[in-house]
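As structure tokens, the structure follows; a few thoughts come after it.
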Amino acid sequence: MFLGFVMSMIMAHAPVILPAVLRRPLPYRPVMWIPAALLHATLVLRLGLGDARGDIAAWQWGGSGNVVAVLTFVAVAAYSALTGPPAPGSAAGPSRDVVREARS
């Protein structure tokens, strides 16, 4: 359970920590929620069914899912860092209407 908390905090703070360490911006993208949701779902599987009920298969699938979630996060973060900031007006950035209202 504590490992899941630590990994979710790493995922949550990566857009702040990684640019400081790597000297490369890591822009936020909504797709970054996918590995976090996968991590939590597989933790529930591993702890709720595997550990709590003694189901070895659920425990193994949950652990494997945790690894997949972390690797997915690494892939998404690498993609986001390599492609740079999202284009203006895209789903990841503020809408043009919001920017116009903020400027006026």
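Residues in the structure tokens are named by chain (A, B, ... in the order shown) and by number from 1 within that chain; ligands are numbered from 1 in the order shown.
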
Contacts of region 74-87 of chain A at 7 Å or less, counting only C-alpha atoms, minus same-chain residues fewer than 6 places along, as a list in words?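 Contacts, in chain order: Arg24, Pro25, Leu26, Pro27, Met32 and Gly93 of chain A.
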
If DSSP is run on the backbone, what residues of region 27-69 of chain A are alpha helix (DSSP H)? A reply as a PyMOL selection string would be ideal. chain A and resi 33-44+52-53+56-69

Kindly give the distance, in Å, that separates CA of Leu45 (chain A) and CA of Pro15 (chain A), rounded to a single decimal.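 Distance between the two atoms: 27.4 Å.
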
Skip Arg46 (chain A) itself and residues of its chain fewer than 3 positions away, then list as a list of chain:residue names all residues within 7 Å of it, counting only C-alpha atoms.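 Selected residues are A:Thr42, A:Leu43, A:Leu49, A:Gly50, A:Asp51, A:Ala58, A:Trp59, A:Gly62, A:Gly63.
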
Trp33 (chain A) surroundings by only C-alpha atoms, 10 Å radius, close-in-sequence under 3 positions cut, as a PyMOL selection string: chain A and resi 11-12+28-30+36-39+73+76

Create the file for the chosen residues now, containing N, CA, C and O atoms and written as a compact mmCIF listing (two decimals), in the first residue's frame.
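The file below, part_9.txt, is the result:
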```txt
# COMPACT_ATOMS: atom_id res chain seq x y z
N MET A 11 4.14 10.13 -9.70
CA MET A 11 3.40 10.47 -10.92
C MET A 11 2.79 11.86 -10.82
O MET A 11 2.79 12.61 -11.80
N ALA A 12 2.28 12.20 -9.65
CA ALA A 12 1.61 13.50 -9.49
C ALA A 12 2.60 14.65 -9.54
O ALA A 12 2.26 15.74 -10.03
N TYR A 28 2.18 19.10 -18.94
CA TYR A 28 1.06 18.25 -18.51
C TYR A 28 0.18 17.94 -19.71
O TYR A 28 -0.09 18.79 -20.55
N ARG A 29 -0.27 16.71 -19.77
CA ARG A 29 -1.26 16.27 -20.77
C ARG A 29 -2.30 15.43 -20.05
O ARG A 29 -1.97 14.68 -19.14
N PRO A 30 -3.55 15.54 -20.45
CA PRO A 30 -4.60 14.74 -19.78
C PRO A 30 -4.36 13.23 -19.84
O PRO A 30 -4.83 12.50 -18.97
N ALA A 36 -1.97 6.72 -13.83
CA ALA A 36 -2.36 6.89 -12.43
C ALA A 36 -3.61 6.08 -12.12
O ALA A 36 -3.69 5.40 -11.08
N ALA A 37 -4.60 6.13 -13.01
CA ALA A 37 -5.82 5.33 -12.80
C ALA A 37 -5.53 3.84 -12.85
O ALA A 37 -6.07 3.06 -12.03
N LEU A 38 -4.66 3.43 -13.77
CA LEU A 38 -4.27 2.03 -13.86
C LEU A 38 -3.55 1.58 -12.59
O LEU A 38 -3.79 0.48 -12.08
N LEU A 39 -2.69 2.43 -12.06
CA LEU A 39 -1.98 2.10 -10.82
C LEU A 39 -2.95 1.88 -9.68
O LEU A 39 -2.87 0.90 -8.95
N PHE A 73 3.53 5.05 -17.44
CA PHE A 73 3.83 6.42 -17.03
C PHE A 73 5.16 6.89 -17.62
O PHE A 73 5.27 8.02 -18.10
N VAL A 76 4.56 7.67 -21.28
CA VAL A 76 3.78 8.90 -21.47
C VAL A 76 4.62 10.12 -21.14
O VAL A 76 4.60 11.13 -21.85
```

Could you tell me how far CA of Met9 (chain A) sits from CA of Arg53 (chain A), in Å to one decimal place?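 A separation of 27.0 Å between them.
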
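Between Phe5 (chain A) and the candidates A:Ala20, A:Ile56, A:Asn66, A:Ile34, the tightest atom-to-atom separation, counting only C-alpha atoms, involves A:Asn66.
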